[in-house]
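Structure file protein-v7.cif (mmCIF, C-alpha atoms) follows.
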```
data_model
loop_
_atom_site.label_atom_id
_atom_site.label_comp_id
_atom_site.auth_asym_id
_atom_site.auth_seq_id
_atom_site.Cartn_x
_atom_site.Cartn_y
_atom_site.Cartn_z
CA MET A 167 24.65 -15.46 45.07
CA ARG A 168 22.04 -13.91 42.79
CA THR A 169 18.58 -14.87 43.93
CA ILE A 170 15.84 -14.82 41.31
CA ARG A 171 12.91 -15.08 43.64
CA VAL A 172 12.17 -16.04 47.18
CA MET A 173 9.72 -18.77 48.10
CA ARG A 174 7.89 -17.59 51.14
CA MET A 175 4.90 -18.42 53.20
CA SER A 176 2.39 -15.67 53.96
CA GLU A 177 2.55 -13.85 57.28
CA GLY A 178 -0.99 -15.08 57.76
CA VAL A 179 0.38 -18.55 58.51
CA GLU A 180 2.42 -17.20 61.42
CA TRP A 181 -0.55 -15.20 62.71
CA ALA A 182 -2.95 -18.12 62.44
CA ILE A 183 -0.62 -20.41 64.37
CA HIS A 184 -0.17 -17.83 67.14
CA CYS A 185 -3.95 -17.29 67.27
CA CYS A 186 -4.68 -21.02 67.50
CA SER A 187 -2.06 -21.29 70.26
CA LEU A 188 -3.78 -18.54 72.23
CA LEU A 189 -7.27 -19.95 71.58
CA ALA A 190 -6.04 -23.26 73.02
CA ALA A 191 -5.74 -21.41 76.35
CA LEU A 192 -9.45 -20.54 76.46
CA PRO A 193 -11.87 -22.54 78.60
CA PRO A 194 -14.08 -24.77 76.42
CA GLU A 195 -16.98 -22.97 74.74
CA GLU A 196 -15.40 -19.55 75.25
CA ALA A 197 -14.45 -17.38 72.28
CA LEU A 198 -12.40 -14.26 71.63
CA PRO A 199 -13.42 -11.57 69.15
CA ALA A 200 -11.16 -11.44 66.11
CA ALA A 201 -10.41 -7.79 66.94
CA ARG A 202 -9.03 -8.85 70.35
CA LEU A 203 -6.88 -11.52 68.71
CA ALA A 204 -5.48 -8.80 66.44
CA GLU A 205 -4.86 -6.59 69.48
CA TYR A 206 -3.09 -9.37 71.39
CA HIS A 207 -0.75 -10.10 68.50
CA GLU A 208 -0.51 -6.49 67.26
CA VAL A 209 -1.38 -7.43 63.69
CA PRO A 210 -3.69 -5.62 61.22
CA PRO A 211 -7.30 -6.55 62.16
CA ALA A 212 -8.67 -6.57 58.61
CA TYR A 213 -6.04 -8.96 57.29
CA LEU A 214 -6.23 -11.13 60.38
CA ALA A 215 -10.00 -11.37 59.85
CA LYS A 216 -9.32 -12.81 56.39
CA VAL A 217 -6.85 -15.29 57.80
CA LEU A 218 -9.40 -16.41 60.40
CA GLN A 219 -12.06 -16.75 57.70
CA ALA A 220 -9.68 -19.18 56.00
CA THR A 221 -9.08 -21.22 59.17
CA THR A 222 -12.84 -21.24 59.84
CA ALA A 223 -13.58 -22.39 56.28
CA ALA A 224 -11.10 -25.21 56.89
CA GLY A 225 -12.80 -26.28 60.12
CA ILE A 226 -9.88 -25.27 62.36
CA THR A 227 -11.58 -22.33 64.04
CA ALA A 228 -15.28 -21.62 64.46
CA SER A 229 -17.18 -18.38 64.55
CA VAL A 230 -19.45 -17.97 67.58
CA PRO A 231 -22.22 -15.37 67.08
CA GLY A 232 -23.65 -13.07 69.72
CA PRO A 233 -22.33 -10.70 72.41
CA LYS A 234 -20.13 -13.41 73.96
CA GLY A 235 -19.13 -14.57 70.51
CA GLY A 236 -15.94 -14.44 68.54
CA VAL A 237 -13.48 -17.07 67.40
CA ARG A 238 -12.76 -20.39 69.08
CA LEU A 239 -11.02 -23.59 68.04
CA ALA A 240 -13.43 -25.84 66.15
CA ARG A 241 -11.84 -29.02 67.48
CA PRO A 242 -9.45 -30.09 70.25
CA PRO A 243 -5.96 -28.55 69.94
CA ALA A 244 -4.45 -32.04 69.78
CA GLU A 245 -6.38 -32.56 66.55
CA ILE A 246 -5.08 -29.43 64.78
CA THR A 247 -1.69 -29.79 63.15
CA LEU A 248 0.63 -27.14 61.74
CA LEU A 249 -0.07 -28.67 58.33
CA ASP A 250 -3.82 -28.05 58.74
CA ILE A 251 -3.13 -24.37 59.42
CA VAL A 252 -0.59 -23.93 56.62
CA LEU A 253 -2.91 -25.53 54.05
CA ALA A 254 -5.90 -23.51 55.28
CA VAL A 255 -4.10 -20.18 54.93
CA ASP A 256 -1.72 -20.73 52.04
CA GLY A 257 -3.68 -23.34 50.11
CA ASP A 258 -2.65 -26.84 49.18
CA ASP A 259 -1.03 -26.18 45.85
CA PRO A 260 2.46 -27.61 45.73
CA ALA A 261 5.29 -25.06 45.98
CA PHE A 262 6.87 -26.69 42.94
CA ARG A 263 4.76 -26.41 39.78
CA CYS A 264 5.54 -28.63 36.85
CA SER A 265 4.99 -26.81 33.58
CA GLU A 266 5.67 -29.97 31.54
CA ILE A 267 8.86 -28.62 30.06
CA ARG A 268 9.63 -32.18 28.93
CA GLN A 269 6.82 -31.88 26.37
CA ARG A 270 8.48 -28.97 24.62
CA GLY A 271 11.47 -28.59 22.36
CA PRO A 272 13.23 -30.77 19.80
CA ALA A 273 13.24 -34.04 21.76
CA VAL A 274 9.52 -34.52 22.35
CA SER A 275 8.39 -38.14 22.06
CA ASP A 276 6.10 -39.37 19.30
CA ASP A 277 4.77 -41.94 21.75
CA PRO A 278 1.36 -40.70 22.94
CA GLY A 279 1.76 -42.60 26.22
CA ALA A 280 5.15 -41.06 27.01
CA TYR A 281 3.82 -38.36 29.31
CA ARG A 282 1.16 -40.28 31.15
CA SER A 283 3.00 -40.39 34.48
CA ALA A 284 4.35 -37.23 36.11
CA CYS A 285 7.76 -35.89 35.11
CA HIS A 286 10.52 -37.50 37.17
CA ILE A 287 11.78 -34.03 38.17
CA ALA A 288 8.36 -33.03 39.51
CA ARG A 289 8.10 -36.34 41.35
CA ALA A 290 11.44 -35.76 43.09
CA MET A 291 10.41 -32.22 44.03
CA TRP A 292 7.05 -33.38 45.35
CA ARG A 293 8.65 -36.16 47.40
CA ALA A 294 10.50 -33.39 49.25
CA GLU A 295 7.27 -31.48 49.79
CA ASP A 296 5.71 -34.67 51.16
CA ALA A 297 8.54 -34.81 53.71
CA TRP A 298 7.85 -31.19 54.65
CA ARG A 299 4.15 -31.87 55.03
CA ALA A 300 4.80 -35.00 57.08
CA ALA A 301 6.94 -32.95 59.47
CA LEU A 302 4.28 -30.25 59.76
CA ARG A 303 1.74 -32.96 60.54
CA GLN A 304 3.81 -34.03 63.55
CA THR A 305 3.25 -30.85 65.57
CA THR A 306 -0.19 -30.03 66.95
CA VAL A 307 -1.57 -26.86 68.50
CA ALA A 308 -1.68 -28.82 71.77
CA ASP A 309 2.09 -29.40 71.49
CA LEU A 310 2.67 -25.68 70.90
CA PHE A 311 0.46 -24.71 73.81
CA THR A 312 2.22 -27.13 76.17
CA GLU A 313 5.59 -25.86 74.99
CA VAL A 314 4.60 -22.23 75.59
CA VAL A 315 3.27 -22.87 79.06
CA THR A 316 6.30 -24.91 80.11
CA THR A 317 9.03 -22.79 78.54
CA VAL A 318 8.10 -19.09 78.57
CA PRO A 319 8.84 -16.97 81.65
CA PRO A 320 6.00 -17.18 84.20
CA ASP A 321 5.11 -13.50 83.75
CA VAL A 322 4.04 -14.16 80.15
CA VAL A 323 1.59 -16.87 81.22
CA VAL A 324 0.25 -14.67 84.03
CA LYS A 325 -0.12 -11.60 81.80
CA GLY A 326 -1.73 -13.64 79.03
CA ALA A 327 -4.23 -15.21 81.40
CA GLU A 328 -5.03 -11.79 82.94
CA TRP A 329 -5.56 -10.28 79.51
CA ILE A 330 -7.99 -13.05 78.50
CA ARG A 331 -9.86 -12.67 81.82
CA ASP A 332 -10.11 -8.89 81.40
CA VAL A 333 -11.50 -9.24 77.88
CA GLN A 334 -14.15 -11.69 79.09
CA ILE A 335 -15.07 -9.55 82.14
CA ARG A 336 -15.45 -6.45 79.97
CA ARG A 337 -17.70 -8.41 77.60
CA ARG A 338 -19.87 -9.79 80.40
CA SER A 339 -20.34 -6.38 82.03
CA ARG A 340 -21.60 -4.80 78.82
CA MET B 69 -11.42 -22.98 51.18
CA ARG B 70 -10.32 -19.35 50.99
CA THR B 71 -6.62 -19.13 50.24
CA ILE B 72 -4.79 -15.98 51.32
CA ARG B 73 -1.65 -16.52 49.37
CA VAL B 74 0.19 -19.28 47.64
CA MET B 75 3.71 -20.31 48.52
CA ARG B 76 5.43 -21.12 45.29
CA MET B 77 8.84 -21.75 43.93
CA SER B 78 9.98 -19.77 40.91
CA GLU B 79 9.74 -21.33 37.45
CA GLY B 80 13.49 -20.77 37.31
CA VAL B 81 13.98 -23.73 39.65
CA GLU B 82 12.22 -26.04 37.20
CA TRP B 83 14.19 -24.65 34.27
CA ALA B 84 17.52 -24.91 36.09
CA ILE B 85 16.90 -28.54 37.02
CA HIS B 86 15.97 -29.42 33.44
CA CYS B 87 19.06 -27.57 32.14
CA CYS B 88 21.38 -29.36 34.57
CA SER B 89 19.80 -32.67 33.55
CA LEU B 90 20.51 -31.92 29.90
CA LEU B 91 24.04 -30.64 30.61
CA ALA B 92 24.72 -33.95 32.36
CA ALA B 93 24.37 -35.57 28.91
CA LEU B 94 27.25 -33.56 27.43
CA PRO B 95 30.68 -35.09 27.00
CA PRO B 96 33.13 -33.67 29.59
CA GLU B 97 34.51 -30.23 28.73
CA GLU B 98 31.74 -29.52 26.24
CA ALA B 99 29.34 -26.65 26.77
CA LEU B 100 26.02 -25.46 25.34
CA PRO B 101 25.20 -21.78 24.75
CA ALA B 102 22.52 -20.47 27.09
CA ALA B 103 20.44 -19.52 24.05
CA ARG B 104 20.43 -23.17 22.90
CA LEU B 105 19.38 -24.32 26.37
CA ALA B 106 16.48 -21.86 26.15
CA GLU B 107 15.61 -23.21 22.70
CA TYR B 108 15.71 -26.83 23.86
CA HIS B 109 13.36 -26.12 26.75
CA GLU B 110 11.29 -23.45 24.97
CA VAL B 111 11.71 -20.95 27.79
CA PRO B 112 12.43 -17.17 27.57
CA PRO B 113 16.19 -16.76 26.89
CA ALA B 114 16.65 -13.56 28.92
CA TYR B 115 15.11 -14.99 32.06
CA LEU B 116 16.89 -18.33 31.63
CA ALA B 117 20.17 -16.39 31.35
CA LYS B 118 19.47 -14.91 34.80
CA VAL B 119 18.71 -18.33 36.21
CA LEU B 120 21.96 -19.68 34.80
CA GLN B 121 23.87 -16.70 36.24
CA ALA B 122 22.50 -17.78 39.61
CA THR B 123 23.55 -21.41 39.19
CA THR B 124 26.97 -20.27 37.97
CA ALA B 125 27.37 -17.95 40.96
CA ALA B 126 26.58 -20.94 43.16
CA GLY B 127 29.22 -23.12 41.50
CA ILE B 128 26.70 -25.50 39.93
CA THR B 129 27.25 -24.45 36.33
CA ALA B 130 30.25 -22.77 34.76
CA SER B 131 30.52 -20.32 31.93
CA VAL B 132 32.93 -21.31 29.18
CA PRO B 133 34.13 -18.39 27.01
CA GLY B 134 34.95 -18.50 23.31
CA PRO B 135 33.31 -19.81 20.12
CA LYS B 136 32.89 -23.32 21.57
CA GLY B 137 31.80 -21.82 24.87
CA GLY B 138 28.54 -21.74 26.72
CA VAL B 139 27.31 -23.34 29.90
CA ARG B 140 28.49 -26.62 31.41
CA LEU B 141 28.17 -28.29 34.77
CA ALA B 142 30.85 -27.02 37.14
CA ARG B 143 31.13 -30.34 38.93
CA PRO B 144 30.12 -33.98 38.42
CA PRO B 145 26.32 -34.50 38.23
CA ALA B 146 26.51 -36.86 41.22
CA GLU B 147 27.74 -33.90 43.27
CA ILE B 148 24.87 -31.56 42.42
CA THR B 149 21.71 -32.05 44.44
CA LEU B 150 18.22 -30.66 43.91
CA LEU B 151 18.78 -28.65 47.09
CA ASP B 152 21.86 -26.98 45.58
CA ILE B 153 19.79 -25.86 42.58
CA VAL B 154 16.79 -24.70 44.62
CA LEU B 155 18.97 -22.63 46.96
CA ALA B 156 20.95 -21.17 44.04
CA VAL B 157 17.84 -19.98 42.21
CA ASP B 158 15.38 -19.19 44.99
CA GLY B 159 17.84 -18.26 47.72
CA ASP B 160 18.30 -19.86 51.10
CA ASP B 161 15.87 -17.78 53.13
CA PRO B 162 13.44 -19.98 55.00
CA ALA B 163 9.91 -20.07 53.57
CA PHE B 164 8.58 -19.39 57.06
CA ARG B 165 9.64 -16.00 58.44
CA CYS B 166 9.31 -15.35 62.13
CA SER B 167 8.30 -11.77 62.80
CA GLU B 168 8.67 -12.21 66.57
CA ILE B 169 4.98 -11.82 67.24
CA ARG B 170 5.62 -13.19 70.74
CA GLN B 171 7.41 -9.93 71.57
CA ARG B 172 4.30 -7.85 70.92
CA GLY B 173 1.05 -7.31 72.76
CA PRO B 174 -0.08 -7.36 76.38
CA ALA B 175 1.78 -10.49 77.51
CA VAL B 176 5.36 -9.54 76.68
CA SER B 177 7.86 -10.71 79.29
CA ASP B 178 9.82 -8.31 81.49
CA ASP B 179 12.63 -10.87 81.51
CA PRO B 180 15.31 -9.59 79.08
CA GLY B 181 16.49 -13.16 78.46
CA ALA B 182 13.03 -14.43 77.54
CA TYR B 183 13.49 -14.12 73.78
CA ARG B 184 17.05 -15.30 73.42
CA SER B 185 16.20 -18.59 71.73
CA ALA B 186 13.98 -18.74 68.66
CA CYS B 187 10.19 -18.81 69.04
CA HIS B 188 8.93 -22.38 69.47
CA ILE B 189 6.52 -21.86 66.56
CA ALA B 190 9.34 -20.82 64.24
CA ARG B 191 11.42 -23.78 65.42
CA ALA B 192 8.61 -26.21 64.58
CA MET B 193 8.16 -24.63 61.17
CA TRP B 194 11.89 -24.70 60.45
CA ARG B 195 12.14 -28.36 61.48
CA ALA B 196 9.69 -29.09 58.67
CA GLU B 197 11.79 -27.07 56.22
CA ASP B 198 14.84 -29.05 57.33
CA ALA B 199 12.97 -32.24 56.40
CA TRP B 200 12.17 -30.74 52.97
CA ARG B 201 15.80 -29.74 52.45
CA ALA B 202 17.04 -33.16 53.57
CA ALA B 203 14.78 -34.79 50.98
CA LEU B 204 15.98 -32.41 48.24
CA ARG B 205 19.54 -33.29 49.19
CA GLN B 206 18.85 -36.95 48.46
CA THR B 207 18.38 -36.55 44.71
CA THR B 208 21.30 -35.60 42.49
CA VAL B 209 21.45 -34.49 38.87
CA ALA B 210 23.11 -37.86 38.16
CA ASP B 211 20.01 -39.61 39.56
CA LEU B 212 17.74 -37.51 37.34
CA PHE B 213 19.86 -38.15 34.28
CA THR B 214 19.89 -41.91 34.91
CA GLU B 215 16.13 -41.88 35.43
CA VAL B 216 15.53 -40.00 32.18
CA VAL B 217 17.73 -42.27 30.15
CA THR B 218 16.20 -45.42 31.58
CA THR B 219 12.54 -44.39 31.62
CA VAL B 220 11.73 -42.09 28.70
CA PRO B 221 10.80 -43.57 25.30
CA PRO B 222 13.91 -44.29 23.22
CA ASP B 223 12.96 -41.66 20.61
CA VAL B 224 13.43 -38.89 23.22
CA VAL B 225 16.99 -40.01 23.99
CA VAL B 226 17.81 -40.32 20.28
CA LYS B 227 16.31 -36.93 19.39
CA GLY B 228 17.99 -35.25 22.34
CA ALA B 229 21.38 -36.70 21.42
CA GLU B 230 20.91 -35.69 17.77
CA TRP B 231 19.97 -32.17 18.75
CA ILE B 232 23.08 -31.81 20.93
CA ARG B 233 25.26 -33.21 18.11
CA ASP B 234 23.75 -30.83 15.56
CA VAL B 235 24.35 -27.82 17.80
CA GLN B 236 27.99 -28.81 18.26
CA ILE B 237 28.51 -29.50 14.54
CA ARG B 238 27.00 -26.14 13.58
CA ARG B 239 29.33 -24.44 16.08
CA ARG B 240 32.42 -26.23 14.82
CA SER B 241 31.70 -25.43 11.17
CA ARG B 242 31.39 -21.71 11.81
#
```
Encoded form using structure tokens:
Amino acid sequence: MRTIRVMRMSEGVEWAIHCCSLLAALPPEEALPAARLAEYHEVPPAYLAKVLQATTAAGITASVPGPKGGVRLARPPAEITLLDIVLAVDGDDPAFRCSEIRQRGPAVSDDPGAYRSACHIARAMWRAEDAWRAALRQTTVADLFTEVVTTVPPDVVVKGAEWIRDVQIRRRSR
Amino acid sequence: MRTIRVMRMSEGVEWAIHCCSLLAALPPEEALPAARLAEYHEVPPAYLAKVLQATTAAGITASVPGPKGGVRLARPPAEITLLDIVLAVDGDDPAFRCSEIRQRGPAVSDDPGAYRSACHIARAMWRAEDAWRAALRQTTVADLFTEVVTTVPPDVVVKGAEWIRDVQIRRRSR
């Protein structure tokens, strides 16, 4: 099969979801510096900072200033869906763009009202995107966090909690 | 909102769907040259040829050799779904790629079996893509063709039919 192009989401979506999952583990009002989030996930700090700017602009994460500052969730994890994160990072343009092909070529209508409603092909494509969005809306960061805690090996939870504690202790002792 | 990147489908998907819709209007065993399909839709012939190579490789369209040759549907329009066309043109890689972030950083498990099943984040993202694919599978080229014929202004159907007839007459008289 000869593929013309590949439709793909940015890596930033994956990073943002992992970050929100980790931030859901923080005690309320605590924050983690973006650089520590990059360290935890081993992703490039500069690009992760951009991703977190996007989630902050969308009201998913919040930036806390000061020596104990950093990034925290801006609202309860049960109120942040995968769709919120995807739209924040990758934008809310539809994946399918209609370029109004129907208004070109030899069979264009003389009826000025002919193209008032969207092309039936675009509508079918967008119905499918609605189904995708509806499914993304069904999973929250709280769901992901619960799933991690209940399914990963215990050593991951212990190491993760220790790492968060160490970061906070180092910050307090500065 | 600061968008990092935009997930988008190639224009080739739109073109291929429009082409299949038009090919559904041909009498059985008739074909249209790829160059005429490009002319009808006012799209670049070279790139459309690549798109049609992809749909032909996927068994959606077929290439008919000879002076009356060209492109035709390889199977009945009711047996070609939007999903078939999308996968043929844009490939069947998932839009969300899991880069196994969970296996990086300070909280990686010592348990060798910990990462046997897919990451729960990837699974949630892929469930949403399954919903998108299921929706794309529900619309066939026959549905699109019926919708065009029953909803566009009559002059479009008449002009389209005349254009097809003229192309075939010109080919026969050569």
List the spatial neighbours of region 175-179 of chain A as a PyMOL selection string - criterion: any atom at most 7 Å away, all atoms listed in the file, same-chain residues fewer than 6 positions off excluded. (chain A and resi 217+251-252+255-256) or (chain B and resi 73+75+163-164)
Just so the selection is clear, what residues does the PyMOL selection byres ((chain B) within 7 of (chain A)) cover here, as a short mmCIF file (atom, residue, chain, number, x, y, z; two decimals) with C-alpha atoms, in the frame of the given file?
```cif
data_model
loop_
_atom_site.label_atom_id
_atom_site.label_comp_id
_atom_site.auth_asym_id
_atom_site.auth_seq_id
_atom_site.Cartn_x
_atom_site.Cartn_y
_atom_site.Cartn_z
CA MET B 69 -11.42 -22.98 51.18
CA ARG B 70 -10.32 -19.35 50.99
CA THR B 71 -6.62 -19.13 50.24
CA ILE B 72 -4.79 -15.98 51.32
CA ARG B 73 -1.65 -16.52 49.37
CA VAL B 74 0.19 -19.28 47.64
CA MET B 75 3.71 -20.31 48.52
CA ARG B 76 5.43 -21.12 45.29
CA MET B 77 8.84 -21.75 43.93
CA SER B 78 9.98 -19.77 40.91
CA GLU B 107 15.61 -23.21 22.70
CA TYR B 108 15.71 -26.83 23.86
CA HIS B 109 13.36 -26.12 26.75
CA GLU B 110 11.29 -23.45 24.97
CA VAL B 119 18.71 -18.33 36.21
CA ALA B 122 22.50 -17.78 39.61
CA ALA B 125 27.37 -17.95 40.96
CA ALA B 126 26.58 -20.94 43.16
CA ALA B 156 20.95 -21.17 44.04
CA VAL B 157 17.84 -19.98 42.21
CA ASP B 158 15.38 -19.19 44.99
CA GLY B 159 17.84 -18.26 47.72
CA ALA B 163 9.91 -20.07 53.57
CA PHE B 164 8.58 -19.39 57.06
CA ILE B 169 4.98 -11.82 67.24
CA ARG B 172 4.30 -7.85 70.92
CA GLY B 173 1.05 -7.31 72.76
CA PRO B 174 -0.08 -7.36 76.38
CA ALA B 175 1.78 -10.49 77.51
CA VAL B 176 5.36 -9.54 76.68
CA SER B 177 7.86 -10.71 79.29
CA ALA B 182 13.03 -14.43 77.54
CA ILE B 189 6.52 -21.86 66.56
CA MET B 193 8.16 -24.63 61.17
CA ALA B 196 9.69 -29.09 58.67
CA GLU B 197 11.79 -27.07 56.22
CA ALA B 199 12.97 -32.24 56.40
CA TRP B 200 12.17 -30.74 52.97
CA ALA B 203 14.78 -34.79 50.98
CA LEU B 204 15.98 -32.41 48.24
CA LEU B 212 17.74 -37.51 37.34
CA VAL B 220 11.73 -42.09 28.70
CA PRO B 221 10.80 -43.57 25.30
CA ASP B 223 12.96 -41.66 20.61
CA VAL B 224 13.43 -38.89 23.22
CA LYS B 227 16.31 -36.93 19.39
CA GLY B 228 17.99 -35.25 22.34
CA TRP B 231 19.97 -32.17 18.75
#
```
List, as a list of chain:residue names, every residue that the PyMOL selection byres ((chain A and resi 240) around 7) selects in the file provided. A:Gly225, A:Ile226, A:Thr227, A:Ala228, A:Arg238, A:Leu239, A:Arg241
For the structure shown, which residues end up in the PyMOL selection byres ((chain A and resi 243) around 6)? Put them as an mmCIF file with C-alpha atoms, in the coordinates of the input, please?
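Saved to selection06.cif:
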```cif
data_model
loop_
_atom_site.group_PDB
_atom_site.id
_atom_site.type_symbol
_atom_site.label_atom_id
_atom_site.label_comp_id
_atom_site.auth_asym_id
_atom_site.auth_seq_id
_atom_site.Cartn_x
_atom_site.Cartn_y
_atom_site.Cartn_z
ATOM 1 C CA PRO A 242 -9.450 -30.090 70.250
ATOM 2 C CA ALA A 244 -4.450 -32.040 69.780
ATOM 3 C CA GLU A 245 -6.380 -32.560 66.550
ATOM 4 C CA ILE A 246 -5.080 -29.430 64.780
ATOM 5 C CA VAL A 307 -1.570 -26.860 68.500
ATOM 6 C CA ALA A 308 -1.680 -28.820 71.770
#
```
Separation of CA of Glu98 (chain B) from CA of Ser241 (chain B), in Å and rounded to one decimal: 15.6 Å
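If you look at CA of Ser185 (chain B) and CA of Ala191 (chain A), they are 22.6 Å away from each other.
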Hey, which of A:Ile335, A:Ala190, A:Ala197, A:Cys185 ends up closest to Gly232 (chain A)? Count only C-alpha atoms. A:Ala197
